[in-house]
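Contents: one structure, followed by commentary.
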Amino acid sequence: MPPAIETADLVKEYGDLRALQELSLTVEEGEFFGLLGPNGAGKTTFINTLVGLVRKTGGEARVFGYDVETEYQQARDAIGVAPQEFNVDRFFPIKEVLQHKAGYHGIPEEEAAERADEVLKRVGIYDKRNERFDWLSGGMKRRLLLARALVTDPDLLILDEPTAGVDVQLRHDLWDLVTELNEEGTTILLTTHYIEEAERLCDRVAIMNEGRKVTVATPDDLKTRGTDTISVRLESSITSSAAADLESELAAYAHGVEPSPAGDGLDVRVDDGGSSAPRLLNDLEARGYEIADLEISRTSLEEIFVDLTRSEDRTVTRSSASDAEDAVDDVDNENDETEAMEADTGDETAEPSEPEQGGVV
Ligand SMILES: Nc1ncnc2c1ncn2[C@@H]1O[C@H](COP(=O)(O)OP(=O)(O)OP(=O)(O)O)[C@@H](O)[C@H]1O
């Protein structure tokens, strides 16, 4: 079985901006995969490229082996996507919205109605089935987006910030539901700004920054990339110059030694707090310091994430007249894509466009 998602050197340029920069990423079938990155990192662009809403500038993208452009329909039929924005037809009862979606993917009418009921029950808004989207609460709208993604029984479920702005109860409900779906075999690609969410749910995460893949790792592996801090409280106070002396004396294993904010001890940064603490205690005692207390704290995933995603420039440098012409073409493409997205925001029952003109989520 080919990977659920496979991209090689994927590039997307919006005019002068490189939103995706040679992004190569593989998500295996059955994985729960997280895509993390600060605002503007390119996560939504990556998703939109997979579902045919954005036309790539270069590189390759496949979903279960199907090229997302030349084999658009096969690739698209395998994907259910719950986007960040509420792009639902507001004028139909929500059950009909789901039936239209299923119909668009070739599911016969009767089966579409059954599936709509089934997914509405699964996400917990079956009793709202005859209401219009506008009349739902924010949390119910999120549930509906998930129901719509599920109505085609996709092998790959893409969730673009599904828990943004939802209450704690719904967040937990969504976590349980997507975990269950993943256990049933659905591959999941999740983008989120909640590090805790990625840590809790994902087998692996890719960290993106400014259109590039910074790293791919399990959450546990990522955590080992940070340093630990050993906070030692001493029986007597310590001066900055004494701490500076210690920093050079302990340089073999300590990356930094600073007086603690309260002035009654030291904060010592090391790779592995557990194995370095006994050595540190010996070294301090050998220098006449009396230890009152010791605590080890680990760098949080959030701190590691912030460290990995520092800013760079990603403006495309264009030097020739022909490049400038390409840029004009790109702007035209953007117009196509904007139209596609606007169409998508509106009526899903509209005739599907070819991927070149932008697909329909
Ligand atoms: N249609 C477009 N035209 C021009 N620039 C765009 C377009 N869509 C996205 N961009 C730019 O591409 C970059 C990547 O945006 P994208 O929405 O993919 O980031 P993201 O990681 O999903 O961000 P967020 O976490 O804020 O949702 C941003 O600089 C954004 O302004």
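Letters for chains follow the order of the structure tokens (A, B, ...), residue numbers begin at 1 for each chain, and ligand numbers begin at 1 in the order shown.
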Residues of chain A that approach ligand 1 to 7 Å or less, counting only C-alpha atoms and all ligand atoms: could you list each one with the shortest pair of atoms and its distance in Å to one decimal, rows by chain and increasing residue number, as a Markdown table?
```
| residue | atom | partner | partner_atom_place_in_ligand_line | distance |
| --- | --- | --- | --- | --- |
| A:Tyr14 | CA | ligand 1 | 4 (C) | 4.8 |
| A:Leu17 | CA | ligand 1 | 12 (O) | 6.8 |
| A:Ala19 | CA | ligand 1 | 12 (O) | 4.5 |
| A:Gly37 | CA | ligand 1 | 21 (O) | 6.0 |
| A:Pro38 | CA | ligand 1 | 25 (O) | 5.6 |
| A:Asn39 | CA | ligand 1 | 26 (O) | 3.4 |
| A:Gly40 | CA | ligand 1 | 19 (O) | 3.3 |
| A:Ala41 | CA | ligand 1 | 21 (O) | 3.7 |
| A:Gly42 | CA | ligand 1 | 18 (O) | 3.2 |
| A:Lys43 | CA | ligand 1 | 21 (O) | 3.8 |
| A:Thr44 | CA | ligand 1 | 22 (O) | 3.6 |
| A:Thr45 | CA | ligand 1 | 18 (O) | 3.7 |
| A:Phe46 | CA | ligand 1 | 18 (O) | 6.4 |
| A:Gly211 | CA | ligand 1 | 14 (C) | 6.9 |
| A:Glu334 | CA | ligand 1 | 1 (N) | 5.7 |
| A:Glu337 | CA | ligand 1 | 1 (N) | 6.6 |
| A:Thr338 | CA | ligand 1 | 1 (N) | 5.9 |
```
How about saving the chosen residues, C-alpha atoms kept, as an mmCIF file, in the first residue's frame?
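Okay, this is what ended up in result_1.cif:
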```cif
data_model
loop_
_atom_site.group_PDB
_atom_site.id
_atom_site.type_symbol
_atom_site.label_atom_id
_atom_site.label_comp_id
_atom_site.auth_asym_id
_atom_site.auth_seq_id
_atom_site.Cartn_x
_atom_site.Cartn_y
_atom_site.Cartn_z
ATOM 1 C CA TYR A 14 1.975 33.065 -4.125
ATOM 2 C CA LEU A 17 5.979 34.577 -1.386
ATOM 3 C CA ALA A 19 4.444 29.416 1.060
ATOM 4 C CA GLY A 37 3.953 25.449 12.889
ATOM 5 C CA PRO A 38 3.393 29.084 13.740
ATOM 6 C CA ASN A 39 0.857 31.243 11.887
ATOM 7 C CA GLY A 40 1.734 31.450 8.217
ATOM 8 C CA ALA A 41 3.997 28.373 8.271
ATOM 9 C CA GLY A 42 2.164 26.903 5.270
ATOM 10 C CA LYS A 43 0.004 24.241 6.925
ATOM 11 C CA THR A 44 -3.260 25.232 5.253
ATOM 12 C CA THR A 45 -1.499 25.717 1.917
ATOM 13 C CA PHE A 46 -0.159 22.170 2.240
ATOM 14 C CA GLY A 211 7.060 26.770 4.298
ATOM 15 C CA GLU A 334 -4.110 33.062 -7.264
ATOM 16 C CA GLU A 337 -7.669 29.767 -6.397
ATOM 17 C CA THR A 338 -9.415 32.559 -4.592
#
```
Please provide as a PDB file with C-alpha atoms, in the first residue's frame all residues within 10 Å of A:Asp271, with the sequence filter that same-chain residues fewer than 4 positions apart are discarded (counting only C-alpha atoms).
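selection-v5.pdb, written as the output of this step:
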```pdb
ATOM      1  CA  THR A 224      14.593  14.735  24.334  1.00  0.00           C
ATOM      2  CA  ARG A 225      15.944  17.530  22.115  1.00  0.00           C
ATOM      3  CA  GLY A 226      15.584  20.150  24.800  1.00  0.00           C
ATOM      4  CA  THR A 227      17.851  20.772  27.744  1.00  0.00           C
ATOM      5  CA  ASP A 228      16.963  20.170  31.395  1.00  0.00           C
ATOM      6  CA  THR A 229      17.394  22.683  34.178  1.00  0.00           C
ATOM      7  CA  TYR A 253      28.495  18.990  31.115  1.00  0.00           C
ATOM      8  CA  ALA A 254      26.733  22.256  32.011  1.00  0.00           C
ATOM      9  CA  HIS A 255      25.547  24.564  29.202  1.00  0.00           C
ATOM     10  CA  SER A 275      22.249  11.627  34.985  1.00  0.00           C
ATOM     11  CA  SER A 276      23.946  14.996  35.581  1.00  0.00           C
ATOM     12  CA  ARG A 298      12.485  19.472  31.600  1.00  0.00           C
TER      13      ARG A 298
END
```
At most 10 Å is the cut-off: for each residue in stretch 7-52 of chain A with any atom that close to an atom of stretch 81-103 of chain A, write down the nearest atom pair and the distance in Å rounded to one decimal, counting only C-alpha atoms, chain first then increasing number, as JSON lines.
```
{"residue": "A:Thr44", "atom": "CA", "partner": "A:Gln84", "partner_atom": "CA", "distance": 8.4}
{"residue": "A:Ile47", "atom": "CA", "partner": "A:Val81", "partner_atom": "CA", "distance": 8.7}
{"residue": "A:Asn48", "atom": "CA", "partner": "A:Pro83", "partner_atom": "CA", "distance": 9.4}
{"residue": "A:Val51", "atom": "CA", "partner": "A:Val81", "partner_atom": "CA", "distance": 8.2}
```
Dump as a PDB file, in the first residue's frame, selection limited to C-alpha atoms:
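And here is the file that came out, out35.pdb:
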```
ATOM      1  CA  THR A  44      -3.260  25.232   5.253  1.00  0.00           C
ATOM      2  CA  ILE A  47      -3.648  20.821   2.930  1.00  0.00           C
ATOM      3  CA  ASN A  48      -5.195  22.855   0.120  1.00  0.00           C
ATOM      4  CA  VAL A  51      -7.339  18.562  -1.803  1.00  0.00           C
TER       5      VAL A  51
END
```
Margin query: Going by DSSP on the backbone, which residues of stretch 14-256 of chain A come out as alpha helix (DSSP H)? List them as number ranges by chain.
Written below: A: 43-50, 72-77, 94-104, 109-123, 138-150, 168-183, 195-201, 219-223, 240-249
Next item on the list: Using only C-alpha atoms, find the one residue out of A:Ala113, A:Leu308, A:Gly80, A:Glu285 that sits nearest to A:Val216.
Entry: A:Leu308
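Residues within 9 Å of A:Leu174, counting only C-alpha atoms and excluding same-chain residues fewer than 4 positions away, are A:Val123, A:Arg143, A:Leu146, A:Pro162, A:Thr163, A:Gln169, A:Leu170, A:Val178, A:Thr179.
One distance worth recording is that between atom CA of A:Ala198 and atom CA of A:Glu295, which is 27.0 Å.
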Check: What gap, in Å, lies between atom CA of A:Ala149 and atom CA of A:Glu22?
Finding: 28.2 Å
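For the pair atom CA of A:Pro259 and atom CA of A:Ile304, the separation is 22.9 Å.
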Next item on the list: For A:Pro3, please output as a ChimeraX atom specification all residues within 9 Å (counting only C-alpha atoms; exclusion window: fewer than 4 positions along the same chain).
Entry: /A:26-29,62-65
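Distance check against A:Leu35 using only C-alpha atoms: of A:Ile125, A:Ile79, A:Leu201, A:Ala252, the minimum falls on A:Leu201.
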Checklist line | Residues flagged strand (DSSP E or B) by DSSP in stretch 181-300 of chain A, as a PyMOL selection string | finding: chain A and resi 187-192+204-209+212-217+228-234+254-259+265-270+291-298
Margin query: Report as a PyMOL selection string all protein, DNA and RNA residues lying within 10 Å of A:Lys223, evaluated on only C-alpha atoms, omitting residues in the same chain fewer than 6 positions from it.
Written below: chain A and resi 199+217+298-305
Writer output for current selection, C-alpha atoms, as a PDB file, in the first residue's frame:
```pdb
ATOM      1  CA  GLU A 199       1.550  15.414  22.128  1.00  0.00           C
ATOM      2  CA  ALA A 217       9.734  13.162  15.055  1.00  0.00           C
ATOM      3  CA  ARG A 298      12.485  19.472  31.600  1.00  0.00           C
ATOM      4  CA  THR A 299      12.146  21.814  28.629  1.00  0.00           C
ATOM      5  CA  SER A 300       8.536  21.708  27.563  1.00  0.00           C
ATOM      6  CA  LEU A 301       7.573  20.680  24.058  1.00  0.00           C
ATOM      7  CA  GLU A 302       6.320  24.224  23.667  1.00  0.00           C
ATOM      8  CA  GLU A 303       9.754  25.691  24.413  1.00  0.00           C
ATOM      9  CA  ILE A 304      11.370  23.259  21.971  1.00  0.00           C
ATOM     10  CA  PHE A 305       8.781  24.218  19.356  1.00  0.00           C
TER      11      PHE A 305
END
```
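Between A:Ser237 and the residues A:Pro278, A:Gly265, A:Gly15, A:Gly256, the shortest atom-to-atom distance, using only C-alpha atoms, involves A:Gly265.
Across A:Val306, A:Ala75, A:Leu10, A:Leu25, the tightest approach to A:Arg204 is made by A:Leu25 when counting only C-alpha atoms.
Within 9 Å of A:Glu69, once only C-alpha atoms are used and residues closer than 3 positions along the same chain are dropped, the contacting residues are Thr49, Leu50, Gly52, Arg55, Lys56, Ala61, Arg62, Tyr66, Tyr72, Gln73, Ala75, Pro355 and Glu356 of chain A.
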Next item on the list: Write out as a PyMOL selection string which residues come within 9 Å of stretch 185-190 of chain A when counting only C-alpha atoms, dropping same-chain ones fewer than 6 positions away.
Entry: chain A and resi 4+27-36+153-162+178+198+202
Output for the residues just chosen: N, CA and C atoms as an mmCIF file, in the first residue's frame:
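Result file follows (part-v7.cif):
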```
data_model
loop_
_atom_site.group_PDB
_atom_site.id
_atom_site.type_symbol
_atom_site.label_atom_id
_atom_site.label_comp_id
_atom_site.auth_asym_id
_atom_site.auth_seq_id
_atom_site.Cartn_x
_atom_site.Cartn_y
_atom_site.Cartn_z
ATOM 1 N N ALA A 4 -0.146 7.217 2.784
ATOM 2 C CA ALA A 4 -1.369 8.013 2.714
ATOM 3 C C ALA A 4 -1.072 9.360 2.054
ATOM 4 N N VAL A 27 3.437 10.497 5.091
ATOM 5 C CA VAL A 27 2.568 10.057 6.181
ATOM 6 C C VAL A 27 2.118 8.659 5.831
ATOM 7 N N GLU A 28 2.446 7.708 6.684
ATOM 8 C CA GLU A 28 2.100 6.318 6.379
ATOM 9 C C GLU A 28 0.625 6.055 6.619
ATOM 10 N N GLU A 29 0.115 5.036 5.936
ATOM 11 C CA GLU A 29 -1.279 4.651 6.131
ATOM 12 C C GLU A 29 -1.493 4.263 7.601
ATOM 13 N N GLY A 30 -2.571 4.759 8.188
ATOM 14 C CA GLY A 30 -2.905 4.403 9.568
ATOM 15 C C GLY A 30 -2.265 5.302 10.613
ATOM 16 N N GLU A 31 -1.407 6.216 10.198
ATOM 17 C CA GLU A 31 -0.757 7.092 11.178
ATOM 18 C C GLU A 31 -1.701 8.181 11.674
ATOM 19 N N PHE A 32 -1.406 8.663 12.856
ATOM 20 C CA PHE A 32 -2.017 9.897 13.366
ATOM 21 C C PHE A 32 -0.882 10.901 13.336
ATOM 22 N N PHE A 33 -0.933 11.800 12.358
ATOM 23 C CA PHE A 33 0.212 12.654 12.068
ATOM 24 C C PHE A 33 -0.132 14.113 12.342
ATOM 25 N N GLY A 34 0.735 14.794 13.040
ATOM 26 C CA GLY A 34 0.483 16.202 13.378
ATOM 27 C C GLY A 34 1.336 17.136 12.535
ATOM 28 N N LEU A 35 0.751 18.249 12.153
ATOM 29 C CA LEU A 35 1.473 19.278 11.412
ATOM 30 C C LEU A 35 1.449 20.522 12.287
ATOM 31 N N LEU A 36 2.623 20.879 12.792
ATOM 32 C CA LEU A 36 2.699 22.020 13.704
ATOM 33 C C LEU A 36 3.509 23.137 13.066
ATOM 34 N N ASP A 153 -16.837 8.499 4.311
ATOM 35 C CA ASP A 153 -16.054 7.407 4.885
ATOM 36 C C ASP A 153 -14.611 7.436 4.356
ATOM 37 N N PRO A 154 -13.901 8.536 4.596
ATOM 38 C CA PRO A 154 -12.582 8.702 3.965
ATOM 39 C C PRO A 154 -11.500 7.831 4.611
ATOM 40 N N ASP A 155 -10.503 7.477 3.803
ATOM 41 C CA ASP A 155 -9.351 6.753 4.357
ATOM 42 C C ASP A 155 -8.371 7.720 4.996
ATOM 43 N N LEU A 156 -8.409 8.969 4.533
ATOM 44 C CA LEU A 156 -7.533 10.002 5.100
ATOM 45 C C LEU A 156 -8.407 11.154 5.588
ATOM 46 N N LEU A 157 -8.331 11.409 6.887
ATOM 47 C CA LEU A 157 -9.104 12.508 7.462
ATOM 48 C C LEU A 157 -8.138 13.649 7.782
ATOM 49 N N ILE A 158 -8.434 14.819 7.216
ATOM 50 C CA ILE A 158 -7.575 15.978 7.455
ATOM 51 C C ILE A 158 -8.323 16.978 8.322
ATOM 52 N N LEU A 159 -7.717 17.318 9.435
ATOM 53 C CA LEU A 159 -8.370 18.221 10.385
ATOM 54 C C LEU A 159 -7.497 19.463 10.536
ATOM 55 N N ASP A 160 -7.997 20.592 10.055
ATOM 56 C CA ASP A 160 -7.223 21.837 10.124
ATOM 57 C C ASP A 160 -7.686 22.627 11.348
ATOM 58 N N GLU A 161 -6.919 22.548 12.384
ATOM 59 C CA GLU A 161 -7.228 23.215 13.658
ATOM 60 C C GLU A 161 -8.663 22.945 14.111
ATOM 61 N N PRO A 162 -8.995 21.686 14.339
ATOM 62 C CA PRO A 162 -10.387 21.340 14.645
ATOM 63 C C PRO A 162 -10.853 21.826 16.007
ATOM 64 N N VAL A 178 -11.696 11.271 17.274
ATOM 65 C CA VAL A 178 -10.639 11.084 16.259
ATOM 66 C C VAL A 178 -9.699 9.944 16.644
ATOM 67 N N ALA A 198 -1.168 17.855 20.135
ATOM 68 C CA ALA A 198 -0.309 17.034 19.272
ATOM 69 C C ALA A 198 0.381 15.955 20.099
ATOM 70 N N CYS A 202 -0.803 12.471 18.590
ATOM 71 C CA CYS A 202 -0.077 12.111 17.354
ATOM 72 C C CYS A 202 1.020 11.071 17.562
#
```
